[in-house]
Structures are given as C-alpha cells and as structure tokens.
Amino acid sequence: MWIEILLLSKLAAAPMHGYELRKAVEASTGHTLSNNSLYPTLRRFVDAGAVSRSAEEQEAKPPRHVYTITDVGRELLHDMLADFPADLALNEPEFLARVGNFAWLREDERARVLGTRERALTAEHARLTGLAAGQADPWSRAALHHVLGKFDAELRWLADLKTDPREGA
C-alpha cells in the first residue's frame with residue numbers, strides 16, 4: 001500500500017507523467033519504483049476513478065500520459081494515510097509513507113498512526129529482549145541487541161514526533 005500512498009501524494013501536489021512520478025518518489029524516499037509496479041498501480045487508480053489520464057502531445061514523439069488526482073483520489077489518499085492497521089505497523093516503508101505525508105492528516109489521526117507504530121515496536125522489542133536474554137550464542141545475542149538499539153532509537157523519535165515534528169527531523 002505504501003507505493004499507492006506515495007504515488008497519490010505526489011499527484012496531489014501536481015499532475016505528472018510516469019517518469020516524473022518515478023523521479024519524485026525516488027527524490028523523496030530513496031526508493032526506485034519499477035515500471036512493473038508504477039504503471040499497473042496507475043492503471044488501477046484510473047479504473048477506480050482516483051486518477052485521470054490524459055495524453056500530452058510531444059514533438060516528434062508519441063504522446064505521453066499525464067496523470068491527475070481526482071477528488072476520489074484525494075479521499076482515497078486520506079483514508080489510506082489515516083488507516084494504519086496493526087498488521088502493517090512493523091513494516092517500515094508503510095509507516096514512513098504515512099509519516100512523510102502527515103500534512104494530510106489531522107493531529108488526532110497522526111497520533112493514532114504513531115500510537116499504532118509505537119505499540120508494535122514495544123511488543124516486538126519485548127519479544128526480542130526475551131530472545132536475546134535466552135541466546136547462548138554471543139554473535140546472535142549481539143545481532144539482537146543491535147536490532148533492539150534501532151527500536152530504542154525509533155521509540156525516542158516517535159516520542160519527539162508526538163511533541164514537535166521539527167524535533168524528529
């Protein structure tokens with residue numbers, strides 16, 4: 001779902017053709033989208049009425065398709081951002097796609113997303129702490145402690161985001 005969120009959020013800023021969308025997503029996330037994920041997603045959005053597609057003529061080239069978000073697409077974007085199911089809460093791209101678009105959400109909706117991630121990280125932290133405590137192999141234990149350190153850092157970041165988003169930057 002994170003790819004859908006990123007595409008709709010970029011189209012919410014301005015109409016774009018496929019190549020521009022790919023570059024805009026990469027510039028804001030570091031993720032490179034393949035044509036195999038980009039164009040089928042755009043086709044589904046067009047079929048659902050979330051995005052419109054128009055042909056833009058080019059000199060001595062075939063026309064390129066420009067995609068524009070619709071009101072239906074803006075509603076869909078908002079709903080996808082605000083809905084952060086617990087089963088996706090440990091998925092980092094899903095979470096970061098939402099945080100990167102928090103401007104679309106109300107404060108209470110942002111707090112719900114952050115709370116969902118915090119609960120998932122806390123539960124996974126407890127599970128991994130138990131595994132690390134029982135791990136006889138020092139290398140495995142070291143790897144688990146490394147992961148736990150990442151969770152600790154993110155939990156601190158989440159606390160910062162709850163108080164002042166500029167602190168989490």
# chains A, B, ... in the order shown; residues from 1 in each chain; ligands from 1

call {"tool": "select_by_dssp", "arguments": {"residues": "chain A", "states": "helix (DSSP H, G or I)", "output": "JSON, numbers by chain"}}
result
{"A": [2, 3, 4, 5, 6, 7, 8, 9, 10, 11, 12, 13, 18, 19, 20, 21, 22, 23, 24, 25, 26, 27, 28, 29, 35, 36, 37, 38, 39, 40, 41, 42, 43, 44, 45, 46, 47, 48, 71, 72, 73, 74, 75, 76, 77, 78, 79, 80, 81, 82, 86, 87, 88, 92, 93, 94, 95, 96, 97, 98, 99, 102, 103, 104, 107, 108, 109, 110, 111, 112, 113, 114, 115, 116, 117, 118, 119, 120, 121, 122, 123, 124, 125, 126, 127, 128, 129, 130, 131, 132, 133, 138, 139, 140, 141, 142, 143, 144, 145, 146, 147, 148, 149, 150, 151, 152, 153, 154, 155, 156, 157, 158, 159, 160, 161, 162, 163, 165, 166, 167, 168]}

call {"tool": "residues_around", "arguments": {"residues": "region 108-122 of chain A", "least_positions_apart": "2", "cutoff": "6 Å", "atoms": "only C-alpha atoms", "output": "list of chain:residue names"}}
result
A:Ala82, A:Phe84, A:Ala89, A:Leu105, A:Arg106, A:Glu124, A:His125

call {"tool": "atom_distance", "arguments": {"atom1": "CA of Asn35 (chain A)", "atom2": "CA of Gly49 (chain A)"}}
result
20.7 Å

call {"tool": "atom_distance", "arguments": {"atom1": "CA of Ser37 (chain A)", "atom2": "CA of Lys23 (chain A)"}}
result
13.8 Å

call {"tool": "select_by_dssp", "arguments": {"residues": "chain A", "states": "strand (DSSP E or B)", "output": "short mmCIF file (atom, residue, chain, number, x, y, z; two decimals) with N, CA, C and O atoms, in the first residue's frame"}}
result
data_model
loop_
_atom_site.label_atom_id
_atom_site.label_comp_id
_atom_site.auth_asym_id
_atom_site.auth_seq_id
_atom_site.Cartn_x
_atom_site.Cartn_y
_atom_site.Cartn_z
N MET A 16 1.43 14.70 -13.15
CA MET A 16 2.75 14.25 -13.63
C MET A 16 2.58 13.10 -14.60
O MET A 16 1.60 12.36 -14.54
N HIS A 17 3.59 12.92 -15.43
CA HIS A 17 3.64 11.70 -16.24
C HIS A 17 4.46 10.67 -15.48
O HIS A 17 5.07 10.98 -14.45
N VAL A 51 -7.66 8.62 -10.28
CA VAL A 51 -6.72 9.38 -11.10
C VAL A 51 -7.29 9.44 -12.52
O VAL A 51 -7.87 8.47 -12.99
N SER A 52 -7.11 10.58 -13.16
CA SER A 52 -7.47 10.67 -14.58
C SER A 52 -6.18 10.67 -15.39
O SER A 52 -5.11 11.03 -14.91
N ARG A 53 -6.31 10.24 -16.65
CA ARG A 53 -5.15 10.16 -17.53
C ARG A 53 -5.47 10.91 -18.82
O ARG A 53 -6.54 10.72 -19.39
N SER A 54 -4.55 11.75 -19.22
CA SER A 54 -4.74 12.47 -20.48
C SER A 54 -3.46 12.38 -21.29
O SER A 54 -2.36 12.24 -20.74
N ALA A 55 -3.61 12.47 -22.60
CA ALA A 55 -2.44 12.41 -23.49
C ALA A 55 -1.92 13.81 -23.72
O ALA A 55 -2.69 14.74 -23.97
N GLU A 56 -0.62 13.95 -23.62
CA GLU A 56 0.05 15.23 -23.88
C GLU A 56 0.92 15.04 -25.11
O GLU A 56 1.82 14.19 -25.11
N GLU A 57 0.64 15.81 -26.13
CA GLU A 57 1.40 15.70 -27.37
C GLU A 57 2.84 16.15 -27.17
O GLU A 57 3.10 17.08 -26.40
N GLN A 58 3.75 15.47 -27.87
CA GLN A 58 5.17 15.83 -27.85
C GLN A 58 5.66 15.93 -29.28
O GLN A 58 5.22 15.16 -30.13
N LYS A 61 7.51 12.75 -31.10
CA LYS A 61 7.47 11.59 -30.20
C LYS A 61 6.02 11.19 -30.00
O LYS A 61 5.11 12.01 -30.18
N PRO A 62 5.80 9.96 -29.55
CA PRO A 62 4.43 9.59 -29.21
C PRO A 62 3.92 10.42 -28.02
O PRO A 62 4.73 10.90 -27.21
N PRO A 63 2.64 10.62 -27.90
CA PRO A 63 2.13 11.38 -26.76
C PRO A 63 2.46 10.66 -25.45
O PRO A 63 2.55 9.44 -25.40
N ARG A 64 2.67 11.45 -24.41
CA ARG A 64 2.90 10.84 -23.10
C ARG A 64 1.64 11.06 -22.27
O ARG A 64 0.90 12.03 -22.46
N HIS A 65 1.45 10.17 -21.33
CA HIS A 65 0.24 10.22 -20.50
C HIS A 65 0.54 10.99 -19.22
O HIS A 65 1.52 10.71 -18.53
N VAL A 66 -0.32 11.95 -18.94
CA VAL A 66 -0.20 12.75 -17.73
C VAL A 66 -1.32 12.31 -16.79
O VAL A 66 -2.49 12.18 -17.20
N TYR A 67 -0.96 12.09 -15.54
CA TYR A 67 -1.90 11.61 -14.53
C TYR A 67 -2.23 12.74 -13.57
O TYR A 67 -1.35 13.48 -13.14
N THR A 68 -3.51 12.86 -13.25
CA THR A 68 -4.01 13.90 -12.35
C THR A 68 -4.89 13.26 -11.29
O THR A 68 -5.77 12.45 -11.64
N ILE A 69 -4.70 13.60 -10.05
CA ILE A 69 -5.53 13.05 -8.98
C ILE A 69 -6.92 13.68 -9.06
O ILE A 69 -7.07 14.84 -9.45
#

call {"tool": "closest_residue", "arguments": {"among": "A:Ala13, A:Ala132, A:Leu33, A:Leu7", "to": "Phe45 (chain A)", "atoms": "only C-alpha atoms"}}
result
A:Leu7

call {"tool": "atom_distance", "arguments": {"atom1": "CA of Ala97 (chain A)", "atom2": "CA of Ile5 (chain A)"}}
result
6.6 Å

call {"tool": "closest_atom_pairs", "arguments": {"of": "region 10-111 of chain A", "to": "region 146-158 of chain A", "cutoff": "12 Å", "atoms": "only C-alpha atoms", "output": "Markdown table"}}
result
| residue | atom | partner | partner_atom | distance |
| --- | --- | --- | --- | --- |
| A:Leu90 | CA | A:Phe151 | CA | 10.5 |
| A:Glu92 | CA | A:Glu154 | CA | 10.8 |
| A:Phe95 | CA | A:Leu158 | CA | 11.4 |
| A:Leu96 | CA | A:Leu158 | CA | 11.6 |
| A:Val99 | CA | A:Leu158 | CA | 10.3 |
| A:Arg110 | CA | A:Leu158 | CA | 11.1 |
| A:Ala111 | CA | A:Leu158 | CA | 9.9 |

call {"tool": "write_last_selection", "arguments": {"atoms": "C-alpha atoms", "output": "mmCIF file, in the first residue's frame"}}
result
data_model
loop_
_atom_site.group_PDB
_atom_site.id
_atom_site.type_symbol
_atom_site.label_atom_id
_atom_site.label_comp_id
_atom_site.auth_asym_id
_atom_site.auth_seq_id
_atom_site.Cartn_x
_atom_site.Cartn_y
_atom_site.Cartn_z
ATOM 1 C CA LEU A 90 6.176 -3.113 11.781
ATOM 2 C CA GLU A 92 8.898 0.423 7.817
ATOM 3 C CA PHE A 95 4.972 3.644 8.291
ATOM 4 C CA LEU A 96 7.353 6.116 6.650
ATOM 5 C CA VAL A 99 4.798 9.975 8.292
ATOM 6 C CA ARG A 110 -1.345 11.408 13.200
ATOM 7 C CA ALA A 111 -1.415 10.427 16.875
#

call {"tool": "residues_around", "arguments": {"residues": "Thr32 (chain A)", "least_positions_apart": "5", "cutoff": "10 Å", "atoms": "only C-alpha atoms", "output": "list of chain:residue names"}}
result
A:Arg22, A:Lys23, A:Ala24, A:Val25, A:Glu26, A:Ala27

call {"tool": "closest_residue", "arguments": {"among": "A:Ser34, A:Leu77, A:Val72, A:Glu20", "to": "Leu8 (chain A)", "atoms": "only C-alpha atoms"}}
result
A:Leu77
